[in-house]
>>> print(open('entry11.cif').read())   # mmCIF, N, CA and C atoms
data_protein
#
loop_
_atom_site.group_PDB
_atom_site.id
_atom_site.type_symbol
_atom_site.label_atom_id
_atom_site.label_comp_id
_atom_site.auth_asym_id
_atom_site.auth_seq_id
_atom_site.Cartn_x
_atom_site.Cartn_y
_atom_site.Cartn_z
ATOM 1 N N MET L 32 48.790 -15.029 29.621
ATOM 2 C CA MET L 32 47.967 -13.987 30.221
ATOM 3 C C MET L 32 48.776 -12.711 30.449
ATOM 4 N N VAL L 33 50.014 -12.849 30.906
ATOM 5 C CA VAL L 33 50.850 -11.679 31.149
ATOM 6 C C VAL L 33 51.108 -10.930 29.844
ATOM 7 N N ALA L 34 51.394 -11.675 28.784
ATOM 8 C CA ALA L 34 51.635 -11.042 27.486
ATOM 9 C C ALA L 34 50.380 -10.337 26.992
ATOM 10 N N GLU L 35 49.210 -10.958 27.199
ATOM 11 C CA GLU L 35 47.956 -10.321 26.792
ATOM 12 C C GLU L 35 47.763 -8.999 27.515
ATOM 13 N N ASN L 36 48.025 -8.983 28.819
ATOM 14 C CA ASN L 36 47.891 -7.738 29.588
ATOM 15 C C ASN L 36 48.838 -6.673 29.064
ATOM 16 N N HIS L 37 50.031 -7.092 28.678
ATOM 17 C CA HIS L 37 51.000 -6.143 28.129
ATOM 18 C C HIS L 37 50.441 -5.472 26.876
ATOM 19 N N PHE L 38 49.894 -6.273 25.970
ATOM 20 C CA PHE L 38 49.366 -5.730 24.717
ATOM 21 C C PHE L 38 48.101 -4.897 24.950
ATOM 22 N N ILE L 39 47.253 -5.334 25.864
ATOM 23 C CA ILE L 39 46.049 -4.544 26.201
ATOM 24 C C ILE L 39 46.481 -3.184 26.735
ATOM 25 N N ASN L 40 47.409 -3.186 27.681
ATOM 26 C CA ASN L 40 47.877 -1.929 28.273
ATOM 27 C C ASN L 40 48.566 -1.038 27.247
ATOM 28 N N ALA L 41 49.325 -1.637 26.351
ATOM 29 C CA ALA L 41 49.995 -0.853 25.307
ATOM 30 C C ALA L 41 48.960 -0.221 24.378
ATOM 31 N N GLY L 42 47.925 -0.971 24.019
ATOM 32 C CA GLY L 42 46.864 -0.426 23.177
ATOM 33 C C GLY L 42 46.130 0.711 23.864
ATOM 34 N N ARG L 43 45.856 0.551 25.145
ATOM 35 C CA ARG L 43 45.184 1.622 25.897
ATOM 36 C C ARG L 43 46.087 2.842 26.028
ATOM 37 N N ALA L 44 47.374 2.629 26.183
ATOM 38 C CA ALA L 44 48.309 3.760 26.243
ATOM 39 C C ALA L 44 48.315 4.516 24.921
ATOM 40 N N ASN L 45 48.233 3.778 23.814
ATOM 41 C CA ASN L 45 48.158 4.428 22.506
ATOM 42 C C ASN L 45 46.868 5.220 22.369
ATOM 43 N N TYR L 46 45.774 4.689 22.885
ATOM 44 C CA TYR L 46 44.504 5.426 22.897
ATOM 45 C C TYR L 46 44.644 6.690 23.752
ATOM 46 N N PHE L 47 45.211 6.532 24.949
ATOM 47 C CA PHE L 47 45.362 7.642 25.899
ATOM 48 C C PHE L 47 46.154 8.797 25.294
ATOM 49 N N THR L 48 47.181 8.462 24.512
ATOM 50 C CA THR L 48 48.021 9.504 23.926
ATOM 51 C C THR L 48 47.442 10.067 22.639
ATOM 52 N N GLY L 49 46.303 9.526 22.188
ATOM 53 C CA GLY L 49 45.600 10.113 21.058
ATOM 54 C C GLY L 49 46.027 9.611 19.697
ATOM 55 N N TYR L 50 46.567 8.387 19.627
ATOM 56 C CA TYR L 50 46.981 7.853 18.336
ATOM 57 C C TYR L 50 45.836 7.893 17.341
ATOM 58 N N HIS L 51 46.171 8.163 16.094
ATOM 59 C CA HIS L 51 45.183 8.157 15.017
ATOM 60 C C HIS L 51 44.808 6.704 14.721
ATOM 61 N N PRO L 52 43.513 6.413 14.522
ATOM 62 C CA PRO L 52 43.101 5.021 14.258
ATOM 63 C C PRO L 52 43.789 4.400 13.036
ATOM 64 N N LEU L 53 44.019 5.173 11.972
ATOM 65 C CA LEU L 53 44.711 4.611 10.800
ATOM 66 C C LEU L 53 46.151 4.242 11.123
ATOM 67 N N PHE L 54 46.818 5.082 11.901
ATOM 68 C CA PHE L 54 48.186 4.789 12.297
ATOM 69 C C PHE L 54 48.214 3.539 13.172
ATOM 70 N N MET L 55 47.243 3.439 14.066
ATOM 71 C CA MET L 55 47.176 2.275 14.950
ATOM 72 C C MET L 55 46.909 1.006 14.141
ATOM 73 N N ALA L 56 46.045 1.095 13.143
ATOM 74 C CA ALA L 56 45.778 -0.070 12.295
ATOM 75 C C ALA L 56 47.050 -0.501 11.571
ATOM 76 N N ALA L 57 47.792 0.469 11.042
ATOM 77 C CA ALA L 57 49.056 0.155 10.363
ATOM 78 C C ALA L 57 50.051 -0.465 11.343
ATOM 79 N N LYS L 58 50.088 0.058 12.554
ATOM 80 C CA LYS L 58 50.979 -0.481 13.580
ATOM 81 C C LYS L 58 50.627 -1.933 13.894
ATOM 82 N N CYS L 59 49.334 -2.222 13.981
ATOM 83 C CA CYS L 59 48.893 -3.584 14.275
ATOM 84 C C CYS L 59 49.201 -4.532 13.115
ATOM 85 N N ILE L 60 49.037 -4.061 11.895
ATOM 86 C CA ILE L 60 49.354 -4.893 10.734
ATOM 87 C C ILE L 60 50.845 -5.221 10.726
ATOM 88 N N LYS L 61 51.672 -4.221 10.974
ATOM 89 C CA LYS L 61 53.118 -4.448 11.019
ATOM 90 C C LYS L 61 53.479 -5.403 12.158
ATOM 91 N N ARG L 62 52.774 -5.288 13.265
ATOM 92 C CA ARG L 62 53.031 -6.090 14.457
ATOM 93 C C ARG L 62 52.755 -7.574 14.227
ATOM 94 N N MET L 63 51.937 -7.881 13.217
ATOM 95 C CA MET L 63 51.571 -9.276 12.947
ATOM 96 C C MET L 63 52.766 -10.133 12.545
ATOM 97 N N THR L 64 53.850 -9.501 12.153
ATOM 98 C CA THR L 64 55.026 -10.245 11.704
ATOM 99 C C THR L 64 55.940 -10.664 12.852
ATOM 100 N N ARG L 65 55.578 -10.297 14.074
ATOM 101 C CA ARG L 65 56.410 -10.652 15.242
ATOM 102 C C ARG L 65 55.612 -11.512 16.212
ATOM 103 N N LYS L 66 56.341 -12.290 17.002
ATOM 104 C CA LYS L 66 55.693 -13.151 18.002
ATOM 105 C C LYS L 66 55.062 -12.294 19.087
ATOM 106 N N PRO L 67 53.962 -12.701 19.638
ATOM 107 C CA PRO L 67 53.092 -13.782 19.182
ATOM 108 C C PRO L 67 52.340 -13.355 17.931
ATOM 109 N N TYR L 68 52.550 -14.079 16.858
ATOM 110 C CA TYR L 68 51.983 -13.744 15.553
ATOM 111 C C TYR L 68 50.469 -13.571 15.641
ATOM 112 N N CYS L 69 49.979 -12.549 15.058
ATOM 113 C CA CYS L 69 48.550 -12.206 14.956
ATOM 114 C C CYS L 69 47.899 -11.934 16.319
ATOM 115 N N VAL L 70 48.121 -12.788 17.305
ATOM 116 C CA VAL L 70 47.463 -12.622 18.605
ATOM 117 C C VAL L 70 47.880 -11.309 19.256
ATOM 118 N N GLY L 71 49.167 -11.015 19.267
ATOM 119 C CA GLY L 71 49.645 -9.766 19.862
ATOM 120 C C GLY L 71 49.031 -8.558 19.182
ATOM 121 N N SER L 72 48.937 -8.632 17.870
ATOM 122 C CA SER L 72 48.358 -7.539 17.101
ATOM 123 C C SER L 72 46.877 -7.354 17.418
ATOM 124 N N MET L 73 46.154 -8.462 17.474
ATOM 125 C CA MET L 73 44.718 -8.374 17.766
ATOM 126 C C MET L 73 44.464 -7.835 19.171
ATOM 127 N N VAL L 74 45.244 -8.285 20.141
ATOM 128 C CA VAL L 74 45.057 -7.830 21.517
ATOM 129 C C VAL L 74 45.460 -6.359 21.646
ATOM 130 N N LEU L 75 46.499 -5.948 20.935
ATOM 131 C CA LEU L 75 46.895 -4.540 20.918
ATOM 132 C C LEU L 75 45.748 -3.684 20.387
ATOM 133 N N TRP L 76 45.135 -4.125 19.278
ATOM 134 C CA TRP L 76 43.993 -3.395 18.702
ATOM 135 C C TRP L 76 42.809 -3.383 19.674
ATOM 136 N N MET L 77 42.562 -4.505 20.341
ATOM 137 C CA MET L 77 41.451 -4.564 21.307
ATOM 138 C C MET L 77 41.680 -3.578 22.442
ATOM 139 N N GLY L 78 42.916 -3.468 22.926
ATOM 140 C CA GLY L 78 43.228 -2.511 23.980
ATOM 141 C C GLY L 78 42.986 -1.087 23.521
ATOM 142 N N PHE L 79 43.402 -0.789 22.301
ATOM 143 C CA PHE L 79 43.188 0.550 21.741
ATOM 144 C C PHE L 79 41.703 0.837 21.578
ATOM 145 N N PHE L 80 40.976 -0.081 20.946
ATOM 146 C CA PHE L 80 39.558 0.125 20.665
ATOM 147 C C PHE L 80 38.726 0.148 21.943
ATOM 148 N N SER L 81 39.157 -0.585 22.977
ATOM 149 C CA SER L 81 38.402 -0.586 24.234
ATOM 150 C C SER L 81 38.403 0.798 24.882
ATOM 151 N N GLY L 82 39.423 1.593 24.588
ATOM 152 C CA GLY L 82 39.436 2.973 25.086
ATOM 153 C C GLY L 82 38.249 3.762 24.560
ATOM 154 N N TYR L 83 37.923 3.545 23.279
ATOM 155 C CA TYR L 83 36.750 4.200 22.696
ATOM 156 C C TYR L 83 35.461 3.677 23.326
ATOM 157 N N LEU L 84 35.366 2.355 23.438
ATOM 158 C CA LEU L 84 34.143 1.749 23.966
ATOM 159 C C LEU L 84 33.879 2.153 25.418
ATOM 160 N N LYS L 85 34.945 2.214 26.204
ATOM 161 C CA LYS L 85 34.801 2.550 27.629
ATOM 162 C C LYS L 85 34.860 4.055 27.880
ATOM 163 N N ARG L 86 35.094 4.815 26.789
ATOM 164 C CA ARG L 86 35.213 6.274 26.902
ATOM 165 C C ARG L 86 36.240 6.676 27.960
ATOM 166 N N LEU L 87 37.389 6.017 27.882
ATOM 167 C CA LEU L 87 38.469 6.310 28.823
ATOM 168 C C LEU L 87 39.003 7.718 28.567
ATOM 169 N N PRO L 88 39.544 8.349 29.595
ATOM 170 C CA PRO L 88 40.105 9.696 29.402
ATOM 171 C C PRO L 88 41.346 9.651 28.523
ATOM 172 N N ARG L 89 41.615 10.784 27.911
ATOM 173 C CA ARG L 89 42.794 10.951 27.068
ATOM 174 C C ARG L 89 43.626 12.099 27.596
ATOM 175 N N VAL L 90 44.782 12.287 26.987
ATOM 176 C CA VAL L 90 45.594 13.456 27.287
ATOM 177 C C VAL L 90 44.713 14.682 27.054
ATOM 178 N N SER L 91 44.734 15.609 27.963
ATOM 179 C CA SER L 91 43.825 16.756 27.876
ATOM 180 C C SER L 91 44.309 17.834 26.911
ATOM 181 N N ASP L 92 45.522 17.732 26.438
ATOM 182 C CA ASP L 92 46.093 18.735 25.536
ATOM 183 C C ASP L 92 45.727 18.405 24.086
ATOM 184 N N GLU L 93 44.657 19.001 23.589
ATOM 185 C CA GLU L 93 44.196 18.735 22.228
ATOM 186 C C GLU L 93 45.224 19.137 21.174
ATOM 187 N N THR L 94 45.990 20.177 21.461
ATOM 188 C CA THR L 94 47.028 20.610 20.523
ATOM 189 C C THR L 94 48.082 19.515 20.360
ATOM 190 N N LEU L 95 48.456 18.896 21.451
ATOM 191 C CA LEU L 95 49.421 17.797 21.401
ATOM 192 C C LEU L 95 48.866 16.622 20.603
ATOM 193 N N ILE L 96 47.618 16.262 20.840
ATOM 194 C CA ILE L 96 47.003 15.150 20.112
ATOM 195 C C ILE L 96 46.971 15.451 18.618
ATOM 196 N N ARG L 97 46.602 16.669 18.245
ATOM 197 C CA ARG L 97 46.583 17.039 16.822
ATOM 198 C C ARG L 97 47.968 16.923 16.214
ATOM 199 N N TRP L 98 49.002 17.379 16.948
ATOM 200 C CA TRP L 98 50.369 17.322 16.446
ATOM 201 C C TRP L 98 50.824 15.866 16.262
ATOM 202 N N VAL L 99 50.545 15.019 17.254
ATOM 203 C CA VAL L 99 50.927 13.604 17.164
ATOM 204 C C VAL L 99 50.240 12.953 15.969
ATOM 205 N N ARG L 100 48.956 13.206 15.814
ATOM 206 C CA ARG L 100 48.213 12.628 14.688
ATOM 207 C C ARG L 100 48.726 13.138 13.347
ATOM 208 N N GLU L 101 49.072 14.405 13.298
ATOM 209 C CA GLU L 101 49.634 14.951 12.056
ATOM 210 C C GLU L 101 50.937 14.237 11.714
ATOM 211 N N GLN L 102 51.781 14.032 12.706
ATOM 212 C CA GLN L 102 53.045 13.328 12.490
ATOM 213 C C GLN L 102 52.788 11.888 12.027
ATOM 214 N N GLN L 103 51.799 11.250 12.618
ATOM 215 C CA GLN L 103 51.486 9.869 12.249
ATOM 216 C C GLN L 103 50.984 9.784 10.812
ATOM 217 N N LEU L 104 50.115 10.692 10.426
ATOM 218 C CA LEU L 104 49.603 10.691 9.052
ATOM 219 C C LEU L 104 50.714 11.014 8.054
ATOM 220 N N ARG L 105 51.626 11.895 8.436
ATOM 221 C CA ARG L 105 52.778 12.184 7.577
ATOM 222 C C ARG L 105 53.598 10.905 7.376
ATOM 223 N N ARG L 106 53.806 10.161 8.431
ATOM 224 C CA ARG L 106 54.576 8.912 8.351
ATOM 225 C C ARG L 106 53.878 7.902 7.444
ATOM 226 N N LEU L 107 52.553 7.800 7.565
ATOM 227 C CA LEU L 107 51.799 6.878 6.723
ATOM 228 C C LEU L 107 51.880 7.253 5.244
ATOM 229 N N CYS L 108 52.068 8.544 4.976
ATOM 230 C CA CYS L 108 52.180 9.033 3.589
ATOM 231 C C CYS L 108 53.633 9.109 3.132
ATOM 232 N N PHE L 109 54.554 8.508 3.918
ATOM 233 C CA PHE L 109 55.984 8.474 3.598
ATOM 234 C C PHE L 109 56.593 9.861 3.482
ATOM 235 N N ARG L 110 56.105 10.783 4.305
ATOM 236 C CA ARG L 110 56.658 12.136 4.350
ATOM 237 C C ARG L 110 57.504 12.269 5.611
ATOM 238 N N THR L 111 58.306 13.303 5.681
ATOM 239 C CA THR L 111 59.144 13.548 6.852
ATOM 240 C C THR L 111 58.250 13.715 8.080
ATOM 241 N N SER L 112 58.630 13.006 9.134
ATOM 242 C CA SER L 112 57.840 13.059 10.372
ATOM 243 C C SER L 112 58.768 12.835 11.562
ATOM 244 N N LEU L 113 58.165 12.811 12.699
ATOM 245 C CA LEU L 113 58.879 12.527 13.944
ATOM 246 C C LEU L 113 59.602 11.190 13.864
ATOM 247 N N TRP L 114 59.034 10.211 13.152
ATOM 248 C CA TRP L 114 59.576 8.868 13.083
ATOM 249 C C TRP L 114 60.525 8.628 11.922
ATOM 250 N N SER L 115 60.739 9.618 11.069
ATOM 251 C CA SER L 115 61.649 9.386 9.934
ATOM 252 C C SER L 115 62.641 10.510 9.765
#
>>> encode(input="entry11.cif", output="structure tokens")
Amino acid sequence: MVAENHFINAGRANYFTGYHPLFMAAKCIKRMTRKPYCVGSMVLWMGFFSGYLKRLPRVSDETLIRWVREQQLRRLCFRTSLWS
């Protein structure tokens, strides 16, 4: 239960900071290779997606969200980004 709460909270934090859904999906797929296998990834995705369903607030700085998403999409396309 504690581990589930950790992944739910991490997913909601990713939602709060404005992560791009494609980047989050890639993150969850990559996460499947670590313990707890598959479960951690699914719960992380549920935490992220629940932010949409519950219409939770996000960071109010739209410019920041756009920049983060741009960096994430660059990373997914194997281009220079914040993460590489």
>>> resolve_selection(input="entry11.cif", expression="the PyMOL selection byres ((chain L and resi 86-100) around 7)", output="PDB file with N, CA and C atoms, in the frame of the given file")
ATOM      1  N   TYR L  46      45.774   4.689  22.885  1.00  0.00           N
ATOM      2  CA  TYR L  46      44.504   5.426  22.897  1.00  0.00           C
ATOM      3  C   TYR L  46      44.644   6.690  23.752  1.00  0.00           C
ATOM      4  N   PHE L  47      45.211   6.532  24.949  1.00  0.00           N
ATOM      5  CA  PHE L  47      45.362   7.642  25.899  1.00  0.00           C
ATOM      6  C   PHE L  47      46.154   8.797  25.294  1.00  0.00           C
ATOM      7  N   THR L  48      47.181   8.462  24.512  1.00  0.00           N
ATOM      8  CA  THR L  48      48.021   9.504  23.926  1.00  0.00           C
ATOM      9  C   THR L  48      47.442  10.067  22.639  1.00  0.00           C
ATOM     10  N   GLY L  49      46.303   9.526  22.188  1.00  0.00           N
ATOM     11  CA  GLY L  49      45.600  10.113  21.058  1.00  0.00           C
ATOM     12  C   GLY L  49      46.027   9.611  19.697  1.00  0.00           C
ATOM     13  N   TYR L  50      46.567   8.387  19.627  1.00  0.00           N
ATOM     14  CA  TYR L  50      46.981   7.853  18.336  1.00  0.00           C
ATOM     15  C   TYR L  50      45.836   7.893  17.341  1.00  0.00           C
ATOM     16  N   HIS L  51      46.171   8.163  16.094  1.00  0.00           N
ATOM     17  CA  HIS L  51      45.183   8.157  15.017  1.00  0.00           C
ATOM     18  C   HIS L  51      44.808   6.704  14.721  1.00  0.00           C
ATOM     19  N   SER L  81      39.157  -0.585  22.977  1.00  0.00           N
ATOM     20  CA  SER L  81      38.402  -0.586  24.234  1.00  0.00           C
ATOM     21  C   SER L  81      38.403   0.798  24.882  1.00  0.00           C
ATOM     22  N   GLY L  82      39.423   1.593  24.588  1.00  0.00           N
ATOM     23  CA  GLY L  82      39.436   2.973  25.086  1.00  0.00           C
ATOM     24  C   GLY L  82      38.249   3.762  24.560  1.00  0.00           C
ATOM     25  N   TYR L  83      37.923   3.545  23.279  1.00  0.00           N
ATOM     26  CA  TYR L  83      36.750   4.200  22.696  1.00  0.00           C
ATOM     27  C   TYR L  83      35.461   3.677  23.326  1.00  0.00           C
ATOM     28  N   LEU L  84      35.366   2.355  23.438  1.00  0.00           N
ATOM     29  CA  LEU L  84      34.143   1.749  23.966  1.00  0.00           C
ATOM     30  C   LEU L  84      33.879   2.153  25.418  1.00  0.00           C
ATOM     31  N   LYS L  85      34.945   2.214  26.204  1.00  0.00           N
ATOM     32  CA  LYS L  85      34.801   2.550  27.629  1.00  0.00           C
ATOM     33  C   LYS L  85      34.860   4.055  27.880  1.00  0.00           C
ATOM     34  N   GLU L 101      49.072  14.405  13.298  1.00  0.00           N
ATOM     35  CA  GLU L 101      49.634  14.951  12.056  1.00  0.00           C
ATOM     36  C   GLU L 101      50.937  14.237  11.714  1.00  0.00           C
ATOM     37  N   GLN L 102      51.781  14.032  12.706  1.00  0.00           N
ATOM     38  CA  GLN L 102      53.045  13.328  12.490  1.00  0.00           C
ATOM     39  C   GLN L 102      52.788  11.888  12.027  1.00  0.00           C
ATOM     40  N   GLN L 103      51.799  11.250  12.618  1.00  0.00           N
ATOM     41  CA  GLN L 103      51.486   9.869  12.249  1.00  0.00           C
ATOM     42  C   GLN L 103      50.984   9.784  10.812  1.00  0.00           C
ATOM     43  N   LEU L 104      50.115  10.692  10.426  1.00  0.00           N
ATOM     44  CA  LEU L 104      49.603  10.691   9.052  1.00  0.00           C
ATOM     45  C   LEU L 104      50.714  11.014   8.054  1.00  0.00           C
ATOM     46  N   ARG L 105      51.626  11.895   8.436  1.00  0.00           N
ATOM     47  CA  ARG L 105      52.778  12.184   7.577  1.00  0.00           C
ATOM     48  C   ARG L 105      53.598  10.905   7.376  1.00  0.00           C
TER      49      ARG L 105
END
>>> atom_distance(input="entry11.cif", atom1="CA of Phe79 in chain L", atom2="atom N of Phe109 in chain L")
22.6 Å
>>> closest_residue(input="entry11.cif", among="L:Ile39, L:Ala44, L:Ala34, L:Phe54", to="Lys66 in chain L", atoms="only C-alpha atoms")
L:Ala34
>>> select_by_dssp(input="entry11.cif", residues="chain L", states="helix (DSSP H, G or I)", output="PyMOL selection string")
chain L and resi 33-47+52-62+70-84+93-107
>>> closest_residue(input="entry11.cif", among="L:Val33, L:Cys108, L:Leu75, L:Leu113", to="Lys61 in chain L", atoms="only C-alpha atoms")
L:Leu75
>>> closest_residue(input="entry11.cif", among="L:Gly71, L:Lys58, L:Arg65, L:Ser112", to="Asn45 in chain L", atoms="only C-alpha atoms")
L:Lys58
>>> residues_around(input="entry11.cif", residues="Val70 in chain L", least_positions_apart="6", cutoff="8 Å", atoms="only N, CA and C atoms", output="PyMOL selection string")
chain L and resi 35+38+62-63+76
>>> axis_aligned_box(input="entry11.cif", around="range 77-94 of chain L", padding_each_side="6 Å", output="AutoDock Vina command-line options")
--center_x 41.0 --center_y 8.0 --center_z 25.0 --size_x 26.2 --size_y 37.2 --size_z 21.3
>>> atom_distance(input="entry11.cif", atom1="atom N of Ala41 in chain L", atom2="atom N of Cys69 in chain L")
15.7 Å
>>> closest_residue(input="entry11.cif", among="L:Asn36, L:Tyr68, L:Val74, L:Arg106", to="Leu53 in chain L", atoms="only C-alpha atoms")
L:Arg106
>>> atom_distance(input="entry11.cif", atom1="atom N of Arg43 in chain L", atom2="atom C of Trp114 in chain L")
21.3 Å
